[in-house]
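What follows is the content of protein08.cif, which has mmCIF, C-alpha atoms:
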data_query
loop_
_atom_site.group_PDB
_atom_site.id
_atom_site.type_symbol
_atom_site.label_atom_id
_atom_site.label_comp_id
_atom_site.auth_asym_id
_atom_site.auth_seq_id
_atom_site.Cartn_x
_atom_site.Cartn_y
_atom_site.Cartn_z
ATOM 1 C CA MET A 1 -8.500 -24.215 5.797
ATOM 2 C CA SER A 2 -7.676 -27.514 7.493
ATOM 3 C CA LYS A 3 -7.894 -30.667 5.402
ATOM 4 C CA ARG A 4 -8.311 -34.323 6.262
ATOM 5 C CA THR A 5 -7.010 -37.330 4.386
ATOM 6 C CA MET A 6 -8.932 -40.462 3.422
ATOM 7 C CA THR A 7 -8.286 -43.533 1.313
ATOM 8 C CA LEU A 8 -10.742 -44.216 -1.490
ATOM 9 C CA ASN A 9 -11.039 -47.699 -3.004
ATOM 10 C CA LEU A 10 -12.624 -47.735 -6.457
ATOM 11 C CA THR A 11 -13.451 -50.533 -8.871
ATOM 12 C CA ASP A 12 -11.722 -50.601 -12.232
ATOM 13 C CA ALA A 13 -14.874 -49.243 -13.833
ATOM 14 C CA GLU A 14 -15.167 -46.406 -11.323
ATOM 15 C CA MET A 15 -11.492 -45.547 -11.706
ATOM 16 C CA GLY A 16 -11.911 -45.592 -15.473
ATOM 17 C CA VAL A 17 -14.753 -43.097 -15.271
ATOM 18 C CA LEU A 18 -12.803 -40.926 -12.849
ATOM 19 C CA GLU A 19 -9.730 -40.897 -15.075
ATOM 20 C CA GLY A 20 -11.889 -40.178 -18.099
ATOM 21 C CA LEU A 21 -13.445 -37.188 -16.386
ATOM 22 C CA CYS A 22 -10.014 -35.985 -15.288
ATOM 23 C CA ALA A 23 -8.845 -36.010 -18.885
ATOM 24 C CA LYS A 24 -12.010 -34.463 -20.252
ATOM 25 C CA LYS A 25 -12.236 -31.751 -17.617
ATOM 26 C CA ASP A 26 -8.507 -31.151 -17.294
ATOM 27 C CA LEU A 27 -8.767 -31.687 -13.546
ATOM 28 C CA SER A 28 -6.973 -33.826 -10.992
ATOM 29 C CA LYS A 29 -8.759 -36.779 -9.391
ATOM 30 C CA ILE A 30 -9.349 -34.810 -6.211
ATOM 31 C CA GLY A 31 -10.597 -31.914 -8.330
ATOM 32 C CA VAL A 32 -13.218 -34.107 -9.998
ATOM 33 C CA ILE A 33 -14.286 -35.680 -6.701
ATOM 34 C CA ARG A 34 -14.531 -32.268 -5.049
ATOM 35 C CA GLN A 35 -16.727 -30.961 -7.883
ATOM 36 C CA ALA A 36 -18.876 -34.089 -7.740
ATOM 37 C CA LEU A 37 -19.427 -33.634 -4.004
ATOM 38 C CA ARG A 38 -20.350 -29.975 -4.442
ATOM 39 C CA LEU A 39 -22.858 -30.783 -7.165
ATOM 40 C CA TYR A 40 -24.293 -33.787 -5.333
ATOM 41 C CA GLN A 41 -24.878 -31.671 -2.229
ATOM 42 C CA MET A 42 -26.420 -28.846 -4.271
ATOM 43 C CA VAL A 43 -28.818 -31.221 -6.027
ATOM 44 C CA ASP A 44 -29.737 -32.894 -2.758
ATOM 45 C CA VAL A 45 -30.458 -29.583 -1.019
ATOM 46 C CA ARG A 46 -32.538 -28.303 -3.940
ATOM 47 C CA LEU A 47 -34.554 -31.526 -4.105
ATOM 48 C CA GLU A 48 -35.157 -31.399 -0.357
ATOM 49 C CA ARG A 49 -36.528 -27.889 -0.833
ATOM 50 C CA GLY A 50 -39.029 -29.311 -3.273
ATOM 51 C CA ASP A 51 -37.299 -28.278 -6.495
ATOM 52 C CA LYS A 52 -37.162 -30.598 -9.494
ATOM 53 C CA LEU A 53 -34.133 -31.481 -11.575
ATOM 54 C CA PHE A 54 -34.467 -31.189 -15.350
ATOM 55 C CA PHE A 55 -32.271 -31.573 -18.393
ATOM 56 C CA GLU A 56 -33.280 -29.328 -21.278
ATOM 57 C CA ASP A 57 -32.330 -29.864 -24.912
ATOM 58 C CA ASP A 58 -30.761 -26.554 -25.922
ATOM 59 C CA LYS A 59 -32.162 -26.790 -29.452
ATOM 60 C CA THR A 60 -35.603 -28.296 -29.025
ATOM 61 C CA LYS A 61 -36.150 -26.982 -25.467
ATOM 62 C CA ASP A 62 -37.546 -30.414 -24.594
ATOM 63 C CA LYS A 63 -37.265 -31.055 -20.875
ATOM 64 C CA SER A 64 -36.724 -34.379 -19.198
ATOM 65 C CA GLU A 65 -37.014 -34.665 -15.471
ATOM 66 C CA VAL A 66 -34.357 -36.594 -13.605
ATOM 67 C CA MET A 67 -36.305 -38.667 -11.127
ATOM 68 C CA MET A 68 -34.490 -38.882 -7.811
ATOM 69 C CA LEU A 69 -36.635 -40.775 -5.366
ATOM 70 C CA MET B 1 -11.601 -18.214 7.998
ATOM 71 C CA THR B 2 -8.276 -17.133 6.549
ATOM 72 C CA ALA B 3 -7.214 -13.512 6.136
ATOM 73 C CA TYR B 4 -4.655 -12.441 3.571
ATOM 74 C CA GLN B 5 -2.931 -9.071 3.600
ATOM 75 C CA VAL B 6 -3.706 -6.937 0.573
ATOM 76 C CA HIS B 7 -3.291 -3.267 -0.259
ATOM 77 C CA LEU B 8 -5.816 -0.615 -1.231
ATOM 78 C CA PHE B 9 -5.173 2.931 -2.408
ATOM 79 C CA ASP B 10 -6.280 5.523 0.145
ATOM 80 C CA ALA B 11 -7.279 8.409 -2.104
ATOM 81 C CA ALA B 12 -7.206 11.094 0.611
ATOM 82 C CA ALA B 13 -3.757 10.085 1.831
ATOM 83 C CA GLY B 14 -2.534 9.412 -1.689
ATOM 84 C CA ALA B 15 -0.889 6.229 -0.459
ATOM 85 C CA MET B 16 -1.367 2.496 -0.299
ATOM 86 C CA VAL B 17 -2.814 1.126 2.943
ATOM 87 C CA GLU B 18 -2.973 -2.381 4.335
ATOM 88 C CA ALA B 19 -6.273 -4.247 4.253
ATOM 89 C CA ASP B 20 -7.423 -7.820 4.830
ATOM 90 C CA LEU B 21 -8.911 -10.151 2.265
ATOM 91 C CA HIS B 22 -11.113 -12.698 4.036
ATOM 92 C CA ASP B 23 -12.143 -15.965 2.387
ATOM 93 C CA GLU B 24 -15.654 -15.616 3.769
ATOM 94 C CA ILE B 25 -18.531 -13.204 4.168
ATOM 95 C CA ALA B 26 -19.252 -13.301 7.879
ATOM 96 C CA GLU B 27 -21.903 -11.678 10.045
ATOM 97 C CA LYS B 28 -19.616 -8.656 10.512
ATOM 98 C CA GLN B 29 -19.760 -8.017 6.756
ATOM 99 C CA LEU B 30 -23.533 -8.315 6.686
ATOM 100 C CA ILE B 31 -23.835 -5.876 9.591
ATOM 101 C CA ASP B 32 -21.566 -3.428 7.777
ATOM 102 C CA TRP B 33 -23.699 -3.851 4.660
ATOM 103 C CA GLN B 34 -26.922 -3.322 6.589
ATOM 104 C CA PHE B 35 -25.905 -0.364 8.738
ATOM 105 C CA GLN B 36 -23.212 1.361 6.667
ATOM 106 C CA TRP B 37 -23.566 0.416 3.000
ATOM 107 C CA ARG B 38 -27.357 0.647 2.847
ATOM 108 C CA PRO B 39 -27.618 4.151 4.348
ATOM 109 C CA ALA B 40 -24.827 5.353 2.069
ATOM 110 C CA VAL B 41 -26.610 3.936 -0.984
ATOM 111 C CA GLN B 42 -29.857 5.579 0.116
ATOM 112 C CA ALA B 43 -28.088 8.925 0.562
ATOM 113 C CA TYR B 44 -26.493 8.586 -2.870
ATOM 114 C CA MET B 45 -29.816 7.815 -4.524
ATOM 115 C CA LYS B 46 -31.366 10.804 -2.747
ATOM 116 C CA ARG B 47 -28.606 12.936 -4.239
ATOM 117 C CA LEU B 48 -29.377 11.515 -7.672
ATOM 118 C CA VAL B 49 -33.072 12.273 -7.284
ATOM 119 C CA ASP B 50 -32.235 15.819 -6.171
ATOM 120 C CA ASN B 51 -30.288 16.158 -9.427
ATOM 121 C CA GLY B 52 -33.173 14.922 -11.518
ATOM 122 C CA ILE B 53 -31.758 11.407 -11.982
ATOM 123 C CA GLY B 54 -34.223 8.516 -11.719
ATOM 124 C CA PRO B 55 -34.121 4.712 -11.815
ATOM 125 C CA ALA B 56 -34.312 4.662 -15.615
ATOM 126 C CA ASP B 57 -31.130 6.711 -15.942
ATOM 127 C CA THR B 58 -27.816 4.982 -16.598
ATOM 128 C CA ALA B 59 -26.319 6.752 -13.575
ATOM 129 C CA TRP B 60 -28.739 4.991 -11.209
ATOM 130 C CA PRO B 61 -26.809 2.379 -9.194
ATOM 131 C CA GLN B 62 -27.652 -0.984 -10.728
ATOM 132 C CA SER B 63 -26.837 -2.964 -7.600
ATOM 133 C CA TRP B 64 -28.846 -0.761 -5.258
ATOM 134 C CA HIS B 65 -31.373 -3.522 -4.525
ATOM 135 C CA TRP B 66 -28.839 -6.259 -3.760
ATOM 136 C CA ASP B 67 -29.603 -7.933 -0.446
ATOM 137 C CA TRP B 68 -26.341 -9.474 0.704
ATOM 138 C CA ARG B 69 -27.891 -11.143 3.728
ATOM 139 C CA GLY B 70 -30.415 -12.870 1.500
ATOM 140 C CA LYS B 71 -27.754 -13.782 -1.035
ATOM 141 C CA MET B 72 -25.601 -15.440 1.606
ATOM 142 C CA ASN B 73 -28.551 -17.189 3.222
ATOM 143 C CA GLU B 74 -29.337 -18.769 -0.172
ATOM 144 C CA VAL B 75 -26.026 -20.621 -0.215
ATOM 145 C CA ARG B 76 -25.273 -21.107 3.478
ATOM 146 C CA GLY B 77 -23.673 -24.513 4.037
ATOM 147 C CA LEU B 78 -23.288 -25.295 0.330
ATOM 148 C CA LEU B 79 -19.807 -26.477 -0.620
ATOM 149 C CA GLY B 80 -20.210 -25.124 -4.134
ATOM 150 C CA HIS B 81 -20.475 -21.515 -3.041
ATOM 151 C CA THR B 82 -18.148 -19.296 -1.105
ATOM 152 C CA GLY B 83 -17.617 -15.640 -0.376
ATOM 153 C CA TYR B 84 -14.777 -13.174 -0.062
ATOM 154 C CA SER B 85 -14.621 -9.796 1.617
ATOM 155 C CA VAL B 86 -12.160 -6.936 1.870
ATOM 156 C CA VAL B 87 -11.855 -5.161 5.210
ATOM 157 C CA CYS B 88 -9.908 -1.972 5.801
ATOM 158 C CA ARG B 89 -9.802 -0.074 9.098
ATOM 159 C CA ASP B 90 -12.402 -2.486 10.478
ATOM 160 C CA VAL B 91 -14.999 -1.657 7.821
ATOM 161 C CA THR B 92 -16.033 -3.940 4.958
ATOM 162 C CA GLN B 93 -14.990 -2.351 1.662
ATOM 163 C CA GLY B 94 -16.155 -4.991 -0.782
ATOM 164 C CA MET B 95 -17.791 -8.413 -1.047
ATOM 165 C CA MET B 96 -17.970 -11.180 -3.629
ATOM 166 C CA ARG B 97 -19.958 -14.423 -3.852
ATOM 167 C CA LEU B 98 -18.577 -17.258 -5.977
ATOM 168 C CA ASP B 99 -20.086 -20.395 -7.502
ATOM 169 C CA LEU B 100 -17.404 -23.073 -7.755
ATOM 170 C CA ALA B 101 -19.388 -25.936 -9.201
ATOM 171 C CA SER B 102 -22.446 -25.326 -11.324
ATOM 172 C CA ARG B 103 -21.185 -23.230 -14.256
ATOM 173 C CA ARG B 104 -19.118 -24.226 -17.280
ATOM 174 C CA ALA B 105 -16.912 -22.246 -19.611
ATOM 175 C CA ARG B 106 -18.374 -20.996 -22.893
ATOM 176 C CA LEU B 107 -15.432 -19.711 -24.915
ATOM 177 C CA ASP B 108 -14.710 -22.105 -27.787
ATOM 178 C CA SER B 109 -11.164 -22.681 -26.570
ATOM 179 C CA GLN B 110 -12.357 -23.947 -23.173
ATOM 180 C CA ALA B 111 -16.040 -24.806 -23.629
ATOM 181 C CA GLY B 112 -17.339 -27.217 -21.010
ATOM 182 C CA GLN B 113 -14.415 -26.766 -18.636
ATOM 183 C CA ASP B 114 -14.996 -25.949 -14.993
ATOM 184 C CA LEU B 115 -14.586 -22.373 -13.881
ATOM 185 C CA VAL B 116 -15.182 -20.031 -10.980
ATOM 186 C CA TYR B 117 -18.352 -18.051 -11.599
ATOM 187 C CA VAL B 118 -18.714 -14.677 -9.900
ATOM 188 C CA ASP B 119 -22.311 -14.547 -8.734
ATOM 189 C CA TYR B 120 -22.018 -11.055 -7.259
ATOM 190 C CA LEU B 121 -19.250 -8.547 -6.678
ATOM 191 C CA GLU B 122 -19.836 -5.170 -5.086
ATOM 192 C CA VAL B 123 -17.689 -2.511 -3.474
ATOM 193 C CA ALA B 124 -18.876 -0.272 -0.651
ATOM 194 C CA PRO B 125 -20.757 2.764 -1.988
ATOM 195 C CA TRP B 126 -18.192 5.241 -0.624
ATOM 196 C CA ASN B 127 -15.674 3.600 -2.967
ATOM 197 C CA TRP B 128 -17.801 4.022 -6.099
ATOM 198 C CA ARG B 129 -16.481 6.057 -8.971
ATOM 199 C CA GLU B 130 -19.754 7.457 -10.248
ATOM 200 C CA PRO B 131 -20.560 10.892 -11.674
ATOM 201 C CA TYR B 132 -22.601 12.097 -8.708
ATOM 202 C CA ALA B 133 -20.665 10.293 -5.962
ATOM 203 C CA ASP B 134 -17.993 11.825 -3.768
ATOM 204 C CA ALA B 135 -14.455 10.851 -4.632
ATOM 205 C CA PRO B 136 -13.851 7.213 -3.655
ATOM 206 C CA ILE B 137 -12.209 6.671 -0.283
ATOM 207 C CA TYR B 138 -10.412 3.478 -1.302
ATOM 208 C CA ARG B 139 -9.488 2.300 -4.752
ATOM 209 C CA LEU B 140 -8.492 -1.182 -5.932
ATOM 210 C CA VAL B 141 -11.212 -3.017 -3.968
ATOM 211 C CA GLY B 142 -12.675 -4.493 -7.159
ATOM 212 C CA PRO B 143 -9.277 -5.545 -8.537
ATOM 213 C CA VAL B 144 -8.389 -7.178 -5.198
ATOM 214 C CA LEU B 145 -11.599 -9.231 -5.307
ATOM 215 C CA MET B 146 -11.040 -10.166 -8.953
ATOM 216 C CA HIS B 147 -7.509 -11.230 -8.056
ATOM 217 C CA ALA B 148 -9.052 -13.461 -5.376
ATOM 218 C CA ALA B 149 -11.500 -15.006 -7.858
ATOM 219 C CA ILE B 150 -8.742 -15.797 -10.358
ATOM 220 C CA THR B 151 -6.449 -17.132 -7.631
ATOM 221 C CA ARG B 152 -9.257 -19.367 -6.375
ATOM 222 C CA SER B 153 -9.746 -20.643 -9.914
ATOM 223 C CA VAL B 154 -6.049 -21.522 -10.124
ATOM 224 C CA ASP B 155 -6.145 -23.186 -6.688
ATOM 225 C CA GLU B 156 -9.167 -25.265 -7.734
ATOM 226 C CA GLY B 157 -7.323 -26.498 -10.812
ATOM 227 C CA PHE B 158 -9.479 -24.399 -13.170
ATOM 228 C CA LYS B 159 -6.392 -22.672 -14.642
ATOM 229 C CA GLY B 160 -7.678 -19.163 -13.926
ATOM 230 C CA ARG B 161 -10.932 -19.554 -15.837
ATOM 231 C CA VAL B 162 -13.527 -17.166 -14.391
ATOM 232 C CA GLY B 163 -16.959 -16.307 -15.752
ATOM 233 C CA LEU B 164 -19.575 -13.746 -14.812
ATOM 234 C CA HIS B 165 -22.503 -11.704 -16.021
ATOM 235 C CA SER B 166 -21.769 -8.011 -15.737
ATOM 236 C CA LEU B 167 -24.050 -5.163 -14.843
ATOM 237 C CA PRO B 168 -23.811 -2.590 -17.653
ATOM 238 C CA GLN B 169 -22.100 -0.112 -15.319
ATOM 239 C CA ALA B 170 -19.323 -2.636 -14.595
ATOM 240 C CA ILE B 171 -18.532 -3.570 -18.205
ATOM 241 C CA PRO B 172 -15.478 -1.263 -18.492
ATOM 242 C CA PHE B 173 -14.018 -2.845 -15.350
ATOM 243 C CA TYR B 174 -14.191 -6.393 -16.710
ATOM 244 C CA GLU B 175 -12.830 -5.255 -20.044
ATOM 245 C CA ARG B 176 -9.846 -3.773 -18.196
ATOM 246 C CA CYS B 177 -9.459 -7.116 -16.410
ATOM 247 C CA GLY B 178 -8.813 -8.697 -19.799
ATOM 248 C CA PHE B 179 -12.010 -10.759 -19.868
ATOM 249 C CA THR B 180 -13.633 -11.673 -23.184
ATOM 250 C CA ASN B 181 -17.118 -10.246 -23.703
ATOM 251 C CA LEU B 182 -19.365 -12.936 -25.175
ATOM 252 C CA GLY B 183 -22.372 -10.633 -25.272
ATOM 253 C CA THR B 184 -25.907 -11.109 -24.033
ATOM 254 C CA ARG B 185 -28.370 -13.965 -24.509
ATOM 255 C CA PRO B 186 -32.110 -13.363 -24.566
ATOM 256 C CA ASP B 187 -32.733 -16.203 -22.110
ATOM 257 C CA GLU B 188 -30.393 -14.763 -19.479
ATOM 258 C CA TYR B 189 -31.140 -11.749 -17.305
ATOM 259 C CA GLU B 190 -33.681 -10.469 -19.821
ATOM 260 C CA GLY B 191 -30.874 -10.129 -22.344
ATOM 261 C CA LYS B 192 -29.434 -7.192 -20.404
ATOM 262 C CA LEU B 193 -26.268 -8.546 -18.826
ATOM 263 C CA PRO B 194 -23.338 -9.524 -21.053
ATOM 264 C CA TYR B 195 -21.329 -12.613 -20.168
ATOM 265 C CA PHE B 196 -17.582 -12.255 -19.623
ATOM 266 C CA GLU B 197 -15.000 -14.997 -19.337
ATOM 267 C CA SER B 198 -11.276 -15.180 -18.698
ATOM 268 C CA THR B 199 -8.880 -17.620 -20.277
ATOM 269 C CA PRO B 200 -5.823 -19.057 -18.531
ATOM 270 C CA GLY B 201 -3.706 -16.599 -20.487
ATOM 271 C CA ALA B 202 -5.776 -13.588 -19.495
ATOM 272 C CA ALA B 203 -5.816 -14.791 -15.899
ATOM 273 C CA GLU B 204 -2.049 -15.164 -15.830
ATOM 274 C CA ALA B 205 -1.637 -11.668 -17.248
ATOM 275 C CA TYR B 206 -3.991 -10.284 -14.601
ATOM 276 C CA LEU B 207 -2.166 -12.013 -11.760
ATOM 277 C CA LYS B 208 1.148 -10.690 -13.059
ATOM 278 C CA GLY B 209 -0.278 -7.186 -13.034
ATOM 279 C CA GLU B 210 0.015 -6.776 -16.774
ATOM 280 C CA LEU B 211 -3.572 -5.537 -17.012
ATOM 281 C CA LYS B 212 -5.066 -2.616 -15.081
#
Represent the structure from my file as structure tokens, please.
Amino acid sequence: MSKRTMTLNLTDAEMGVLEGLCAKKDLSKIGVIRQALRLYQMVDVRLERGDKLFFEDDKTKDKSEVMML
Amino acid sequence: MTAYQVHLFDAAAGAMVEADLHDEIAEKQLIDWQFQWRPAVQAYMKRLVDNGIGPADTAWPQSWHWDWRGKMNEVRGLLGHTGYSVVCRDVTQGMMRLDLASRRARLDSQAGQDLVYVDYLEVAPWNWREPYADAPIYRLVGPVLMHAAITRSVDEGFKGRVGLHSLPQAIPFYERCGFTNLGTRPDEYEGKLPYFESTPGAAEAYLKGELK
């Protein structure tokens, strides 16, 4: 699989979040960004199909819709 | 597409044979499924019926209704899903669909970590080891695909973590793979399919061939 290289400039806050996720998820920076892109695309495709995105509280089963307009 | 050389066991010849592991499920695989797998499954189910075995029996193939073309159409173009296939002598011998992004590990030791989730894994019906089936033509198709799933997990930085829900007929296979059985949940697959997960240690043992 061929790969292409790009430079990514992040703010201190963005880099802080990225590094925090790397530590929490035990992933490299590119690993986190790759997962984020996969999930972002999946959400976008599902929303375009007309699906809705919800978070559900595992205990109470309360659902809150994530509004993406 | 990349092809990797792997080896299957040719039962008739009693010897290992070369095969290709492809990091995709292409149209060729779907044609093989449609025109070779499906008729073979139908013939096998006819044999079961002739022996008094019906859909409620444990011997009934639990993946008989899987529509691989539909399953691949569901995820076409999505970065978070991919497929693998095993081809030997120009015929598809097994297929697997993976979810790389939307599932998280459940074992206490790795809860919340990313993993490779096996959506579906199936071997061609002439390779099944089932009571009423003919002797399998090729063995090791399932292990080759599981090796690919674990290797992908390592390559993704997931340390070999793999998760899946198993059909009841496949439970002994995943136990042999060294996966931990976390049991069923009533809100998943009608509480019928147990969830299995590998740890980095189990994955390493599998890749080293310590588990069969």
The residue from B:Leu30, B:Met96, B:Val116, B:Leu21 with the smallest atom-to-atom distance to chain A, counting only C-alpha atoms, is B:Val116
I need the residue nearest chain A from this list: B:Leu100, B:Met72, B:Ala26, B:Ile31. Use all atoms listed in the file for the distance.
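For chain A, the nearest of the given residues is B:Leu100.
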Take the PyMOL selection byres ((chain A) within 8 of (chain B)), run it mentally on this structure, and tell me the resulting residues as a VMD selection string.
chain A and resid 1 25 to 28 31 35 37 to 39 41 to 42
Would you list the residues near (-18.4, -11.5, 7.7) (no more than 10 Å away, in the coordinates of the file, using all atoms listed in the file) as a ChimeraX atom specification?
/B:1,22-33,83-87,92,95
Using the chain letters and numbering of this document, enumerate as a list in words the residues selected by the PyMOL selection byres ((chain B and resi 7) around 6).
Val6, Leu8, Val17, Glu18 and Ala19 of chain B
Which value, in Å to one decimal, gives the distance between atom CA of A:Thr5 and atom CA of B:Gln5?
28.6 Å
How far is it from atom CA of A:Ile33 to atom CA of A:Lys3, in Å with one decimal?
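These two atoms are separated by 14.6 Å.
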Coordinates-based distance that separates atom CA of B:Ala124 from atom CA of B:Ile150 (Å, one decimal)
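Separation of atom CA of B:Ile150 and atom CA of B:Ala124: 20.9 Å.
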Quick one: residues within 12 Å of A:Met15, all atoms listed in the file counted, chain neighbours fewer than 5 positions away excluded, as a ChimeraX atom specification?
/A:8-10,20-22,29,32-33
Please write as a compact mmCIF listing (two decimals) with C-alpha atoms, in the frame of the given file the full residue list that the PyMOL selection byres ((chain B and resi 130-146) around 7) yields on this file.
# COMPACT_ATOMS: atom_id res chain seq x y z
CA LEU B 8 -5.82 -0.62 -1.23
CA PHE B 9 -5.17 2.93 -2.41
CA ASP B 10 -6.28 5.52 0.14
CA ALA B 11 -7.28 8.41 -2.10
CA ALA B 12 -7.21 11.09 0.61
CA TYR B 44 -26.49 8.59 -2.87
CA LEU B 48 -29.38 11.52 -7.67
CA GLN B 93 -14.99 -2.35 1.66
CA GLY B 94 -16.16 -4.99 -0.78
CA MET B 96 -17.97 -11.18 -3.63
CA VAL B 123 -17.69 -2.51 -3.47
CA TRP B 126 -18.19 5.24 -0.62
CA ASN B 127 -15.67 3.60 -2.97
CA TRP B 128 -17.80 4.02 -6.10
CA ARG B 129 -16.48 6.06 -8.97
CA HIS B 147 -7.51 -11.23 -8.06
CA ALA B 148 -9.05 -13.46 -5.38
CA ALA B 149 -11.50 -15.01 -7.86
CA ILE B 150 -8.74 -15.80 -10.36
Can you rebuild stretch 125-145 of chain B with N, CA and C atoms and give it as a PDB file, in the frame of the given file?
ATOM      1  N   PRO B 125     -20.350   1.603  -1.184  1.00  0.00           N
ATOM      2  CA  PRO B 125     -20.757   2.764  -1.988  1.00  0.00           C
ATOM      3  C   PRO B 125     -19.832   3.971  -1.865  1.00  0.00           C
ATOM      4  N   TRP B 126     -19.112   4.106  -0.747  1.00  0.00           N
ATOM      5  CA  TRP B 126     -18.192   5.241  -0.624  1.00  0.00           C
ATOM      6  C   TRP B 126     -16.921   5.027  -1.460  1.00  0.00           C
ATOM      7  N   ASN B 127     -16.817   3.855  -2.069  1.00  0.00           N
ATOM      8  CA  ASN B 127     -15.674   3.600  -2.967  1.00  0.00           C
ATOM      9  C   ASN B 127     -16.079   3.636  -4.443  1.00  0.00           C
ATOM     10  N   TRP B 128     -17.343   3.977  -4.710  1.00  0.00           N
ATOM     11  CA  TRP B 128     -17.801   4.022  -6.099  1.00  0.00           C
ATOM     12  C   TRP B 128     -17.182   5.204  -6.836  1.00  0.00           C
ATOM     13  N   ARG B 129     -16.902   4.950  -8.095  1.00  0.00           N
ATOM     14  CA  ARG B 129     -16.481   6.057  -8.971  1.00  0.00           C
ATOM     15  C   ARG B 129     -17.631   6.333  -9.924  1.00  0.00           C
ATOM     16  N   GLU B 130     -18.562   7.131  -9.465  1.00  0.00           N
ATOM     17  CA  GLU B 130     -19.754   7.457 -10.248  1.00  0.00           C
ATOM     18  C   GLU B 130     -19.868   8.969 -10.358  1.00  0.00           C
ATOM     19  N   PRO B 131     -20.548   9.450 -11.396  1.00  0.00           N
ATOM     20  CA  PRO B 131     -20.560  10.892 -11.674  1.00  0.00           C
ATOM     21  C   PRO B 131     -21.058  11.748 -10.508  1.00  0.00           C
ATOM     22  N   TYR B 132     -22.033  11.278  -9.771  1.00  0.00           N
ATOM     23  CA  TYR B 132     -22.601  12.097  -8.708  1.00  0.00           C
ATOM     24  C   TYR B 132     -22.106  11.685  -7.314  1.00  0.00           C
ATOM     25  N   ALA B 133     -21.193  10.748  -7.255  1.00  0.00           N
ATOM     26  CA  ALA B 133     -20.665  10.293  -5.962  1.00  0.00           C
ATOM     27  C   ALA B 133     -19.476  11.152  -5.554  1.00  0.00           C
ATOM     28  N   ASP B 134     -19.218  11.184  -4.239  1.00  0.00           N
ATOM     29  CA  ASP B 134     -17.993  11.825  -3.768  1.00  0.00           C
ATOM     30  C   ASP B 134     -16.807  10.997  -4.278  1.00  0.00           C
ATOM     31  N   ALA B 135     -15.643  11.596  -4.207  1.00  0.00           N
ATOM     32  CA  ALA B 135     -14.455  10.851  -4.632  1.00  0.00           C
ATOM     33  C   ALA B 135     -14.329   9.585  -3.795  1.00  0.00           C
ATOM     34  N   PRO B 136     -13.958   8.464  -4.418  1.00  0.00           N
ATOM     35  CA  PRO B 136     -13.851   7.213  -3.655  1.00  0.00           C
ATOM     36  C   PRO B 136     -12.825   7.312  -2.531  1.00  0.00           C
ATOM     37  N   ILE B 137     -13.144   6.668  -1.416  1.00  0.00           N
ATOM     38  CA  ILE B 137     -12.209   6.671  -0.283  1.00  0.00           C
ATOM     39  C   ILE B 137     -11.069   5.691  -0.561  1.00  0.00           C
ATOM     40  N   TYR B 138     -11.436   4.479  -0.974  1.00  0.00           N
ATOM     41  CA  TYR B 138     -10.412   3.478  -1.302  1.00  0.00           C
ATOM     42  C   TYR B 138     -10.582   3.025  -2.751  1.00  0.00           C
ATOM     43  N   ARG B 139      -9.486   2.883  -3.411  1.00  0.00           N
ATOM     44  CA  ARG B 139      -9.488   2.300  -4.752  1.00  0.00           C
ATOM     45  C   ARG B 139      -8.842   0.918  -4.705  1.00  0.00           C
ATOM     46  N   LEU B 140      -9.063   0.159  -5.724  1.00  0.00           N
ATOM     47  CA  LEU B 140      -8.492  -1.182  -5.932  1.00  0.00           C
ATOM     48  C   LEU B 140      -9.263  -2.278  -5.214  1.00  0.00           C
ATOM     49  N   VAL B 141     -10.433  -1.961  -4.626  1.00  0.00           N
ATOM     50  CA  VAL B 141     -11.212  -3.017  -3.968  1.00  0.00           C
ATOM     51  C   VAL B 141     -11.676  -4.049  -5.003  1.00  0.00           C
ATOM     52  N   GLY B 142     -12.221  -3.580  -6.108  1.00  0.00           N
ATOM     53  CA  GLY B 142     -12.675  -4.493  -7.159  1.00  0.00           C
ATOM     54  C   GLY B 142     -11.543  -5.352  -7.698  1.00  0.00           C
ATOM     55  N   PRO B 143     -10.404  -4.735  -8.063  1.00  0.00           N
ATOM     56  CA  PRO B 143      -9.277  -5.545  -8.537  1.00  0.00           C
ATOM     57  C   PRO B 143      -8.784  -6.570  -7.519  1.00  0.00           C
ATOM     58  N   VAL B 144      -8.811  -6.208  -6.226  1.00  0.00           N
ATOM     59  CA  VAL B 144      -8.389  -7.178  -5.198  1.00  0.00           C
ATOM     60  C   VAL B 144      -9.331  -8.378  -5.190  1.00  0.00           C
ATOM     61  N   LEU B 145     -10.626  -8.126  -5.300  1.00  0.00           N
ATOM     62  CA  LEU B 145     -11.599  -9.231  -5.307  1.00  0.00           C
ATOM     63  C   LEU B 145     -11.461 -10.065  -6.586  1.00  0.00           C
TER      64      LEU B 145
END
